[in-house]
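Dropping final-v3.tsv in here (TSV, C-alpha atoms and all ligand atoms):
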chain	number	residue	atom	x	y	z
A	78	MET	CA	-4.31	-6.38	20.83
A	79	ALA	CA	-7.12	-8.14	22.69
A	80	ALA	CA	-9.00	-4.83	22.71
A	81	ALA	CA	-8.40	-4.54	18.96
A	82	ALA	CA	-9.96	-7.97	18.43
A	83	ARG	CA	-12.98	-6.99	20.57
A	84	VAL	CA	-13.51	-3.75	18.63
A	85	LEU	CA	-13.34	-5.67	15.33
A	86	ALA	CA	-15.84	-8.25	16.59
A	87	ALA	CA	-18.21	-5.41	17.57
A	88	GLY	CA	-18.08	-3.99	14.02
A	89	GLY	CA	-15.63	-1.19	14.82
A	90	LEU	CA	-12.60	0.18	12.98
A	91	VAL	CA	-9.04	-0.46	14.20
A	92	ALA	CA	-5.83	0.95	12.74
A	93	PHE	CA	-2.87	-1.38	13.22
A	94	PRO	CA	0.71	-1.71	11.96
A	95	THR	CA	1.70	-4.10	9.22
A	96	GLU	CA	5.26	-4.42	7.93
A	97	THR	CA	4.36	-2.34	4.83
A	98	VAL	CA	2.15	0.53	6.08
A	99	TYR	CA	-0.53	0.98	8.77
A	100	GLY	CA	-3.87	-0.58	7.83
A	101	LEU	CA	-7.43	0.38	8.82
A	102	GLY	CA	-9.13	-2.89	9.70
A	103	ALA	CA	-12.72	-4.07	9.88
A	104	ASP	CA	-14.44	-7.46	10.08
A	105	ALA	CA	-14.42	-8.60	6.43
A	106	ALA	CA	-17.67	-10.51	6.89
A	107	ASN	CA	-19.62	-7.56	8.37
A	108	PRO	CA	-21.01	-5.29	5.62
A	109	ALA	CA	-21.81	-2.47	8.07
A	110	ALA	CA	-18.24	-2.49	9.37
A	111	VAL	CA	-16.89	-2.48	5.80
A	112	THR	CA	-19.10	0.49	4.97
A	113	GLY	CA	-17.51	2.26	7.93
A	114	ILE	CA	-14.07	1.96	6.30
A	115	TYR	CA	-15.23	3.67	3.10
A	116	ARG	CA	-16.90	6.40	5.17
A	117	ALA	CA	-13.90	7.00	7.48
A	118	LYS	CA	-11.44	7.23	4.58
A	119	GLY	CA	-13.71	9.03	2.13
A	120	ARG	CA	-12.85	6.18	-0.21
A	121	PRO	CA	-14.89	5.52	-3.38
A	122	ALA	CA	-16.81	2.25	-2.98
A	123	PHE	CA	-15.65	0.93	-6.37
A	124	ASN	CA	-12.15	0.54	-4.90
A	125	PRO	CA	-11.97	-2.93	-3.30
A	126	LEU	CA	-10.07	-3.87	-0.12
A	127	ILE	CA	-7.40	-6.43	0.80
A	128	ALA	CA	-8.50	-9.25	3.13
A	129	HIS	CA	-5.82	-9.99	5.74
A	130	VAL	CA	-5.68	-13.48	7.19
A	131	GLY	CA	-3.42	-15.31	9.63
A	132	ASP	CA	-2.49	-18.40	7.66
A	133	LEU	CA	-2.81	-20.25	4.37
A	134	THR	CA	-5.69	-22.41	5.60
A	135	ALA	CA	-7.75	-19.27	6.23
A	136	ALA	CA	-6.72	-17.89	2.84
A	137	ARG	CA	-7.90	-21.05	1.07
A	138	ARG	CA	-11.35	-20.64	2.63
A	139	ILE	CA	-11.89	-17.37	0.78
A	140	ALA	CA	-10.06	-17.85	-2.55
A	141	ARG	CA	-8.98	-20.43	-5.12
A	142	PHE	CA	-5.22	-20.93	-5.51
A	143	ASP	CA	-3.73	-22.18	-8.77
A	144	ALA	CA	-0.16	-23.56	-8.93
A	145	ALA	CA	1.44	-20.13	-9.36
A	146	ALA	CA	-0.53	-18.65	-6.45
A	147	THR	CA	0.42	-21.57	-4.24
A	148	ALA	CA	4.10	-21.19	-5.11
A	149	LEU	CA	4.03	-17.45	-4.37
A	150	ALA	CA	2.11	-17.90	-1.11
A	151	GLU	CA	4.53	-20.57	0.09
A	152	ALA	CA	7.58	-18.50	-0.87
A	153	PHE	CA	6.52	-15.07	0.44
A	154	TRP	CA	3.79	-15.32	3.09
A	155	PRO	CA	3.79	-13.90	5.66
A	156	GLY	CA	5.16	-10.86	3.86
A	157	PRO	CA	4.60	-7.78	1.66
A	158	LEU	CA	2.75	-9.62	-1.15
A	159	THR	CA	-0.98	-9.45	-1.97
A	160	LEU	CA	-2.52	-12.03	-4.30
A	161	VAL	CA	-5.70	-11.28	-6.28
A	162	LEU	CA	-7.46	-14.62	-6.78
A	163	PRO	CA	-10.83	-15.99	-7.86
A	164	LYS	CA	-13.23	-15.96	-4.90
A	165	ALA	CA	-14.01	-19.28	-3.27
A	166	GLU	CA	-17.64	-20.39	-3.48
A	167	ASP	CA	-18.51	-19.60	0.14
A	168	CYS	CA	-16.12	-16.64	0.47
A	169	ALA	CA	-16.89	-14.87	3.76
A	170	VAL	CA	-15.63	-11.48	2.56
A	171	ALA	CA	-18.55	-9.04	2.10
A	172	ASP	CA	-19.36	-8.17	-1.54
A	173	LEU	CA	-18.92	-4.51	-0.74
A	174	ALA	CA	-15.27	-5.17	0.21
A	175	THR	CA	-14.57	-6.72	-3.19
A	176	ALA	CA	-16.56	-4.03	-5.02
A	177	GLY	CA	-18.67	-6.76	-6.62
A	178	LEU	CA	-15.68	-8.33	-8.44
A	179	ASP	CA	-15.41	-12.12	-8.73
A	180	THR	CA	-11.85	-11.89	-7.38
A	181	VAL	CA	-10.57	-11.13	-3.89
A	182	ALA	CA	-7.24	-9.63	-2.76
A	183	ILE	CA	-5.56	-11.53	0.11
A	184	ARG	CA	-2.45	-11.05	2.20
A	185	ILE	CA	-0.84	-12.63	5.25
A	186	PRO	CA	1.05	-9.77	6.93
A	187	ALA	CA	4.35	-10.41	8.70
A	188	HIS	CA	4.15	-7.77	11.47
A	189	PRO	CA	3.86	-9.47	14.88
A	190	VAL	CA	1.16	-7.00	16.05
A	191	ALA	CA	-0.95	-7.60	12.93
A	192	ARG	CA	-0.51	-11.35	13.32
A	193	GLU	CA	-1.57	-11.28	16.97
A	194	ILE	CA	-4.67	-9.20	16.19
A	195	LEU	CA	-5.64	-11.59	13.38
A	196	ARG	CA	-5.10	-14.58	15.67
A	197	ALA	CA	-7.14	-13.04	18.49
A	198	PHE	CA	-9.97	-11.97	16.14
A	199	GLY	CA	-10.07	-15.25	14.26
A	200	GLY	CA	-11.59	-14.17	10.92
A	201	PRO	CA	-10.47	-12.25	7.82
A	202	VAL	CA	-9.89	-8.51	8.35
A	203	VAL	CA	-10.21	-6.14	5.40
A	204	ALA	CA	-7.74	-3.28	5.68
A	205	PRO	CA	-6.82	-0.52	3.27
A	206	SER	CA	-3.98	1.81	4.18
A	207	ALA	CA	-5.08	3.90	7.20
A	208	ASN	CA	-5.05	7.31	5.49
A	209	LEU	CA	-7.71	9.60	4.11
A	210	SER	CA	-8.42	8.59	0.51
A	211	GLY	CA	-5.88	10.29	-1.77
A	212	HIS	CA	-3.29	10.97	0.94
A	213	VAL	CA	0.03	9.13	1.20
A	214	SER	CA	-0.08	5.94	3.27
A	215	PRO	CA	0.79	6.14	6.99
A	216	THR	CA	4.05	4.64	8.21
A	217	THR	CA	3.61	5.70	11.87
A	218	ALA	CA	0.68	5.79	14.29
A	219	ALA	CA	1.01	9.60	14.36
A	220	HIS	CA	0.32	9.72	10.59
A	221	VAL	CA	-2.84	7.67	11.17
A	222	GLU	CA	-3.92	9.99	13.96
A	223	SER	CA	-3.41	13.12	11.87
A	224	ASP	CA	-5.62	11.71	9.07
A	225	LEU	CA	-8.26	9.71	10.96
A	226	ALA	CA	-8.53	10.89	14.61
A	227	GLY	CA	-12.19	11.03	15.61
A	228	ARG	CA	-13.24	8.89	12.63
A	229	ILE	CA	-12.13	5.47	13.90
A	230	ASP	CA	-12.35	3.51	17.15
A	231	LEU	CA	-8.77	2.52	17.97
A	232	ILE	CA	-5.18	2.99	16.83
A	233	VAL	CA	-2.66	0.32	17.83
A	234	ASP	CA	0.80	1.92	17.89
A	235	GLY	CA	3.51	-0.54	16.86
A	236	GLY	CA	6.17	2.06	16.05
A	237	PRO	CA	7.37	2.97	12.57
A	238	VAL	CA	6.91	0.26	9.93
A	239	ALA	CA	9.85	-1.59	8.38
A	240	VAL	CA	9.07	-1.62	4.64
A	241	GLY	CA	7.33	1.72	4.10
A	242	VAL	CA	5.57	1.13	0.77
A	243	GLU	CA	2.42	-0.95	0.30
A	244	SER	CA	2.49	-4.63	-0.65
A	245	THR	CA	3.21	-5.78	-4.19
A	246	ILE	CA	-0.06	-6.95	-5.79
A	247	VAL	CA	-0.01	-9.92	-8.18
A	248	GLY	CA	-3.13	-11.17	-9.96
A	249	CYS	CA	-3.24	-14.96	-10.33
A	250	PHE	CA	-6.18	-15.42	-12.69
A	251	GLY	CA	-4.48	-16.69	-15.82
A	252	ALA	CA	-0.78	-15.87	-16.26
A	253	PRO	CA	0.42	-13.98	-13.15
A	254	MET	CA	0.21	-10.21	-13.61
A	255	LEU	CA	1.82	-7.36	-11.70
A	256	LEU	CA	-1.05	-5.11	-10.60
A	257	ARG	CA	0.96	-2.86	-8.27
A	258	PRO	CA	4.71	-2.73	-7.62
A	259	GLY	CA	5.35	-2.67	-3.88
A	260	GLY	CA	7.34	-3.92	-0.93
A	261	LEU	CA	8.35	-7.23	-2.53
A	262	PRO	CA	10.65	-6.63	-5.53
A	263	ARG	CA	9.45	-7.93	-8.91
A	264	ALA	CA	12.71	-9.88	-9.46
A	265	GLU	CA	12.10	-12.06	-6.38
A	266	ILE	CA	8.61	-12.95	-7.61
A	267	GLU	CA	9.84	-13.73	-11.13
A	268	ARG	CA	12.60	-15.95	-9.71
A	269	VAL	CA	9.99	-18.12	-7.94
A	270	LEU	CA	7.65	-18.18	-10.96
A	271	GLY	CA	10.50	-18.90	-13.38
A	272	ARG	CA	8.97	-16.40	-15.81
A	273	ALA	CA	8.31	-12.70	-16.24
A	274	LEU	CA	5.18	-11.22	-14.71
A	275	ARG	CA	2.62	-9.91	-17.18
A	276	GLN	CA	2.42	-6.15	-16.90
A	277	ALA	CA	-0.99	-4.65	-16.13
A	278	PRO	CA	-1.60	-1.85	-18.62
A	279	ALA	CA	-1.29	1.63	-17.11
A	280	GLU	CA	-4.71	2.71	-15.83
A	281	ALA	CA	-5.55	-0.96	-16.24
A	282	ASP	CA	-9.10	-1.52	-17.35
A	283	GLY	CA	-10.47	-5.02	-16.93
A	284	GLY	CA	-13.44	-4.32	-19.20
A	285	GLY	CA	-16.80	-2.76	-18.43
A	286	GLY	CA	-14.96	0.27	-17.10
A	287	GLN	CA	-13.74	-1.76	-14.10
A	288	PRO	CA	-10.02	-1.08	-13.49
A	289	LEU	CA	-7.89	-4.20	-12.91
A	290	ALA	CA	-6.42	-2.69	-9.73
A	291	PRO	CA	-9.01	-0.02	-9.19
A	292	GLY	CA	-6.99	1.79	-6.51
A	293	MET	CA	-4.25	2.53	-8.99
A	294	LEU	CA	-5.81	5.74	-10.18
A	295	ALA	CA	-3.13	8.08	-11.46
A	296	SER	CA	-3.30	10.69	-8.73
A	297	HIS	CA	-3.48	8.71	-5.53
A	298	TYR	CA	-0.43	9.09	-3.30
A	299	ALA	CA	-0.79	12.82	-3.26
A	300	PRO	CA	0.79	15.46	-1.07
A	301	ARG	CA	-0.70	18.96	-1.23
A	302	ALA	CA	2.48	20.48	-2.66
A	303	ARG	CA	3.33	20.05	-6.34
A	304	VAL	CA	5.90	17.26	-6.80
A	305	ARG	CA	8.61	17.68	-9.47
A	306	LEU	CA	10.48	14.51	-10.43
A	307	ASN	CA	14.07	13.85	-11.62
A	308	ALA	CA	15.12	17.31	-10.46
A	309	GLU	CA	18.61	18.37	-11.54
A	310	ARG	CA	18.51	21.62	-9.59
A	311	VAL	CA	16.39	23.12	-6.81
A	312	GLU	CA	14.39	26.20	-7.72
A	313	PRO	CA	14.23	28.95	-5.09
A	314	GLY	CA	11.56	28.21	-2.48
A	315	GLU	CA	11.22	24.53	-3.38
A	316	ALA	CA	11.78	21.79	-0.83
A	317	LEU	CA	14.22	19.05	-1.85
A	318	LEU	CA	13.67	15.32	-1.44
A	319	ALA	CA	17.20	14.00	-1.99
A	320	PHE	CA	18.58	10.52	-2.64
A	321	GLY	CA	22.23	9.65	-2.07
A	322	LEU	CA	24.98	12.16	-1.51
A	323	GLY	CA	25.23	13.46	-5.09
A	324	ALA	CA	25.53	17.22	-5.50
A	325	ILE	CA	22.58	19.27	-6.76
A	326	SER	CA	22.63	22.94	-7.56
A	327	GLY	CA	20.37	25.41	-5.83
A	328	ILE	CA	20.34	23.38	-2.60
A	329	ASP	CA	21.35	26.43	-0.53
A	330	ALA	CA	18.12	28.19	-1.49
A	331	ALA	CA	15.93	25.14	-0.74
A	332	ALA	CA	13.10	25.78	1.73
A	333	ALA	CA	13.81	22.39	3.35
A	334	VAL	CA	15.89	19.30	2.57
A	335	MET	CA	15.26	15.67	3.50
A	336	ASN	CA	17.23	12.69	2.23
A	337	LEU	CA	15.55	9.35	1.47
A	338	SER	CA	18.88	7.57	1.98
A	339	GLU	CA	22.26	9.24	2.15
A	340	ARG	CA	23.97	5.92	1.45
A	341	GLY	CA	21.77	5.34	-1.58
A	342	ASP	CA	20.02	2.31	-0.08
A	343	LEU	CA	16.64	1.64	-1.75
A	344	ASP	CA	15.18	-0.30	1.21
A	345	GLU	CA	15.98	2.63	3.50
A	346	ALA	CA	14.54	5.02	0.92
A	347	ALA	CA	11.24	3.08	0.78
A	348	ALA	CA	10.97	3.13	4.57
A	349	ASN	CA	11.45	6.93	4.56
A	350	LEU	CA	9.39	7.82	1.47
A	351	PHE	CA	5.91	8.56	2.83
A	352	GLY	CA	7.13	10.08	6.11
A	353	HIS	CA	9.46	12.46	4.26
A	354	LEU	CA	6.71	13.44	1.79
A	355	ARG	CA	4.36	14.20	4.69
A	356	ALA	CA	7.04	16.15	6.56
A	357	LEU	CA	8.01	18.30	3.54
A	358	ASP	CA	4.36	18.85	2.65
A	359	GLY	CA	3.78	19.98	6.24
A	360	LYS	CA	6.26	22.84	5.78
A	361	GLY	CA	3.76	24.62	3.55
A	362	VAL	CA	6.01	24.76	0.46
A	363	ASN	CA	4.44	25.04	-2.98
A	364	ALA	CA	6.66	22.42	-4.58
A	365	ILE	CA	8.87	19.46	-3.70
A	366	ALA	CA	11.77	18.71	-6.06
A	367	VAL	CA	12.76	15.03	-6.06
A	368	MET	CA	16.18	13.77	-7.14
A	369	PRO	CA	16.26	10.72	-9.45
A	370	VAL	CA	15.87	7.34	-7.70
A	371	PRO	CA	17.14	4.16	-9.43
A	372	GLY	CA	14.43	1.73	-10.59
A	373	GLU	CA	15.73	-1.64	-9.40
A	374	GLY	CA	14.57	-3.54	-6.29
A	375	LEU	CA	12.19	-1.40	-4.21
A	376	GLY	CA	13.03	1.49	-6.57
A	377	GLU	CA	10.22	0.32	-8.88
A	378	ALA	CA	7.62	0.87	-6.13
A	379	ILE	CA	9.26	4.13	-4.99
A	380	ASN	CA	9.19	5.55	-8.52
A	381	ASP	CA	5.60	4.37	-9.01
A	382	ARG	CA	4.44	6.23	-5.87
A	383	LEU	CA	6.48	9.32	-6.79
A	384	ARG	CA	4.93	9.41	-10.29
A	385	ARG	CA	1.45	9.28	-8.77
A	386	ALA	CA	2.35	11.99	-6.27
A	387	ALA	CA	3.53	14.15	-9.19
A	388	VAL	CA	0.34	13.94	-11.26
A	389	GLU	CA	-1.18	17.42	-11.65
A	390	ARG	CA	-4.50	17.75	-9.83
A	391	GLU	CA	-7.37	20.18	-10.05
B	401	LIG	O1	0.55	-3.12	2.10
B	401	LIG	C1	-0.65	-3.08	1.82
B	401	LIG	O2	-1.13	-3.68	0.85
B	401	LIG	C2	-1.55	-2.27	2.77
B	401	LIG	C3	-1.56	-2.96	4.13
B	401	LIG	C4	-2.50	-2.28	5.08
B	401	LIG	O3	-1.89	-4.32	3.96
B	401	LIG	N1	-2.88	-2.16	2.23
B	401	LIG	C5	-3.16	-1.40	1.14
B	401	LIG	O4	-4.50	-1.34	0.83
B	401	LIG	O5	-2.32	-0.82	0.48
B	401	LIG	P1	-5.14	-0.30	-0.18
B	401	LIG	O6	-6.60	-0.46	-0.02
B	401	LIG	O7	-4.58	1.05	0.07
B	401	LIG	O8	-4.73	-0.83	-1.57
B	401	LIG	C6	-5.32	-2.03	-2.04
B	401	LIG	C7	-5.23	-2.13	-3.52
B	401	LIG	C8	-6.10	-1.13	-4.23
B	401	LIG	O9	-5.36	-0.59	-5.31
B	401	LIG	C9	-7.25	-2.00	-4.73
B	401	LIG	O10	-7.84	-1.47	-5.87
B	401	LIG	C10	-6.55	-3.30	-4.99
B	401	LIG	O11	-5.67	-3.44	-3.91
B	401	LIG	N2	-7.48	-4.44	-5.00
B	401	LIG	C11	-8.19	-4.92	-3.97
B	401	LIG	N3	-8.98	-5.95	-4.36
B	401	LIG	C12	-8.75	-6.13	-5.66
B	401	LIG	C13	-9.27	-7.02	-6.66
B	401	LIG	N4	-10.17	-7.95	-6.37
B	401	LIG	N5	-8.81	-6.90	-7.92
B	401	LIG	C14	-7.88	-5.97	-8.22
B	401	LIG	N6	-7.36	-5.08	-7.32
B	401	LIG	C15	-7.80	-5.16	-6.08
B	402	MG	MG	-4.07	3.02	0.06

With the file now loaded, output its structure as structure tokens.
Amino acid sequence: MAAAARVLAAGGLVAFPTETVYGLGADAANPAAVTGIYRAKGRPAFNPLIAHVGDLTAARRIARFDAAATALAEAFWPGPLTLVLPKAEDCAVADLATAGLDTVAIRIPAHPVAREILRAFGGPVVAPSANLSGHVSPTTAAHVESDLAGRIDLIVDGGPVAVGVESTIVGCFGAPMLLRPGGLPRAEIERVLGRALRQAPAEADGGGGQPLAPGMLASHYAPRARVRLNAERVEPGEALLAFGLGAISGIDAAAAVMNLSERGDLDEAAANLFGHLRALDGKGVNAIAVMPVPGEGLGEAINDRLRRAAVERE
């Protein structure tokens, strides 16, 4: 972790575990380092990054918190929540990392390795998920290595992550708005706010062609195989991504079967989602049939990622 902090200070790129997914970190205040992230991932530069900080004092140096943002930060940080807030006047995060927006995305991660790296480094660290742009997010160090080996300086292996889907993103500029469902269930956020979150329109467009959560392009969490949702039977040659122990016809002819959670537990399913998609995709099948997954709790984020994985691509 000390080595990670040194690499960051020298402008390098470090992959590290957070409780949601592995992140690819760079010094948020160093434009050359931030450029390196976009290059390593093949990520379009209009897609801004999340600044990770160690505590609320550091967060307040880069963004302005209204009452709702303060309540959410106090209730859920450190944890799987990202707040998009108006930039503070002397915000240290490089303009490139915020894609020229007047807002900045911030998160205090809960993973002890991430926290120690942030403490040792001392400044904000921008970190997208540590995958090639368009691939599913990495939930183990081996996933990071298979996408980014040779393109980055260091991978810190903290074992498999606990949550397995990316943070929930809430915009607090005006009435709080859900920009991305994620590892913190909507209901918990609405309980603290005492009101429903505004819903960002699908393919949200904040005007001037600038998407509200620009990373939420329809086809984003994409395996190579075609993904078929709400499957009621398995077609010959398809792989099956199952949920629960319910019966499904055609399973005997499936090319491969993995279960997100045999006991039907949505937290377990989220933790398994990206790893199972990568594993089934790695079997070289043409299609992955996915059984229905309920939408409550982390099911909202799971279904969101599955829908994006299922979008037809060129
Ligand atoms: O759990 C997570 O959030 C992980 C870990 C590493 O922290 N990070 C992550 O980063 O998922 P990334 O880059 O894959 O997704 C960040 C999302 C993108 O959809 C991006 O467009 C959005 O946050 N975002 C960043 N800054 C924004 C801003 N100022 N306004 C709106 N959306 C923003
Ligand atoms: Mg990502």

Atom O3 of ligand LIG 401 (chain B) to CA of Phe320 (chain A), distance in Å rounded to a single decimal
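One can read the atom O3 of ligand LIG 401 (chain B) to CA of Phe320 (chain A) distance as 26.1 Å.
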
Selected residue of minimal separation from ligand LIG 401 (chain B) among A:Glu267, A:Asp167, A:Glu96, A:Asp381, counting only C-alpha atoms and all ligand atoms
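Closest to ligand LIG 401 (chain B), using only C-alpha atoms and all ligand atoms: A:Glu96.
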
Go through the chains and note each residue within 7 Å of ligand LIG 401 (chain B), using only C-alpha atoms and all ligand atoms, then give the set as a CSV table (one decimal) with C-alpha atoms, in the coordinates of the input.
chain,number,residue,atom,x,y,z
A,95,THR,CA,1.7,-4.1,9.2
A,97,THR,CA,4.4,-2.3,4.8
A,98,VAL,CA,2.2,0.5,6.1
A,99,TYR,CA,-0.5,1.0,8.8
A,100,GLY,CA,-3.9,-0.6,7.8
A,101,LEU,CA,-7.4,0.4,8.8
A,124,ASN,CA,-12.2,0.5,-4.9
A,125,PRO,CA,-12.0,-2.9,-3.3
A,126,LEU,CA,-10.1,-3.9,-0.1
A,127,ILE,CA,-7.4,-6.4,0.8
A,157,PRO,CA,4.6,-7.8,1.7
A,159,THR,CA,-1.0,-9.4,-2.0
A,161,VAL,CA,-5.7,-11.3,-6.3
A,175,THR,CA,-14.6,-6.7,-3.2
A,178,LEU,CA,-15.7,-8.3,-8.4
A,180,THR,CA,-11.8,-11.9,-7.4
A,181,VAL,CA,-10.6,-11.1,-3.9
A,182,ALA,CA,-7.2,-9.6,-2.8
A,184,ARG,CA,-2.4,-11.0,2.2
A,186,PRO,CA,1.0,-9.8,6.9
A,204,ALA,CA,-7.7,-3.3,5.7
A,205,PRO,CA,-6.8,-0.5,3.3
A,206,SER,CA,-4.0,1.8,4.2
A,242,VAL,CA,5.6,1.1,0.8
A,243,GLU,CA,2.4,-1.0,0.3
A,244,SER,CA,2.5,-4.6,-0.6
A,245,THR,CA,3.2,-5.8,-4.2
A,246,ILE,CA,-0.1,-7.0,-5.8
A,289,LEU,CA,-7.9,-4.2,-12.9
A,290,ALA,CA,-6.4,-2.7,-9.7
A,291,PRO,CA,-9.0,0.0,-9.2
A,292,GLY,CA,-7.0,1.8,-6.5
A,293,MET,CA,-4.2,2.5,-9.0

Using only C-alpha atoms, which residues of region 338-375 of chain A come within 12 Å of region 323-326 of chain A, and what is the closest atom pair for each, with the distance in Å to one decimal? Give it as a Markdown table, sorted by chain and residue number.
| residue | atom | partner | partner_atom | distance |
| --- | --- | --- | --- | --- |
| A:Ser338 | CA | A:Gly323 | CA | 11.2 |
| A:Glu339 | CA | A:Gly323 | CA | 8.9 |
| A:Arg340 | CA | A:Gly323 | CA | 10.1 |
| A:Gly341 | CA | A:Gly323 | CA | 9.5 |
| A:Ala366 | CA | A:Ile325 | CA | 10.8 |
| A:Val367 | CA | A:Ile325 | CA | 10.7 |
| A:Met368 | CA | A:Ile325 | CA | 8.4 |
| A:Pro369 | CA | A:Gly323 | CA | 10.3 |
| A:Val370 | CA | A:Gly323 | CA | 11.5 |

Could you pull the residues within 9 Å of Arg228 (chain A), counting all atoms listed in the file, minus those fewer than 5 positions along the same chain, as a VMD selection string?
chain A and resid 90 116 to 118

Proximity to ligand MG 402 (chain B) - best of A:Gly227, A:Pro163, A:Gly89, A:Gly259, all atoms listed in the file:
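Residue with the minimum atom-to-atom distance to ligand MG 402 (chain B): A:Gly259.
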
Would you place a box with edges along x, y and z of the file around all atoms of region 188-196 of chain A listed there, add 6 Å to each of its six sides, and report the centre and edge lengths in Å to one decimal, as lines of an AutoDock Vina configuration file?
center_x = -0.7
center_y = -10.8
center_z = 14.2
size_x = 21.8
size_y = 19.6
size_z = 17.5

Could you jot down the CA of Glu151 (chain A) to CA of Arg272 (chain A) separation for me, Å, one decimal place?
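For CA of Glu151 (chain A) relative to CA of Arg272 (chain A), the distance reads 17.0 Å.
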
So that I can see what lies close to Gly241 (chain A), please list as a short mmCIF file (atom, residue, chain, number, x, y, z; two decimals) with C-alpha atoms, keeping the file's coordinate frame the residues with an atom at most 10 Å from it, counting all atoms listed in the file and leaving out residues fewer than 3 positions away in the same chain.
data_model
loop_
_atom_site.label_atom_id
_atom_site.label_comp_id
_atom_site.auth_asym_id
_atom_site.auth_seq_id
_atom_site.Cartn_x
_atom_site.Cartn_y
_atom_site.Cartn_z
CA THR A 95 1.70 -4.10 9.22
CA GLU A 96 5.26 -4.42 7.93
CA THR A 97 4.36 -2.34 4.83
CA VAL A 98 2.15 0.53 6.08
CA TYR A 99 -0.53 0.98 8.77
CA SER A 214 -0.08 5.94 3.27
CA PRO A 215 0.79 6.14 6.99
CA THR A 216 4.05 4.64 8.21
CA THR A 217 3.61 5.70 11.87
CA PRO A 237 7.37 2.97 12.57
CA VAL A 238 6.91 0.26 9.93
CA SER A 244 2.49 -4.63 -0.65
CA GLY A 259 5.35 -2.67 -3.88
CA GLY A 260 7.34 -3.92 -0.93
CA ASP A 344 15.18 -0.30 1.21
CA GLU A 345 15.98 2.63 3.50
CA ALA A 346 14.54 5.02 0.92
CA ALA A 347 11.24 3.08 0.78
CA ALA A 348 10.97 3.13 4.57
CA ASN A 349 11.45 6.93 4.56
CA LEU A 350 9.39 7.82 1.47
CA PHE A 351 5.91 8.56 2.83
CA GLY A 352 7.13 10.08 6.11
CA ILE A 379 9.26 4.13 -4.99
#

Give the answer as one residue: which of A:Lys360, A:Arg120, A:Arg83, A:Arg303 has the shortest atom-to-atom distance to ligand MG 402 (chain B), using all atoms listed in the file?
A:Arg120

Tell me, in Å to one decimal, how far CA of Ala106 (chain A) is from CA of Lys164 (chain A).
13.7 Å
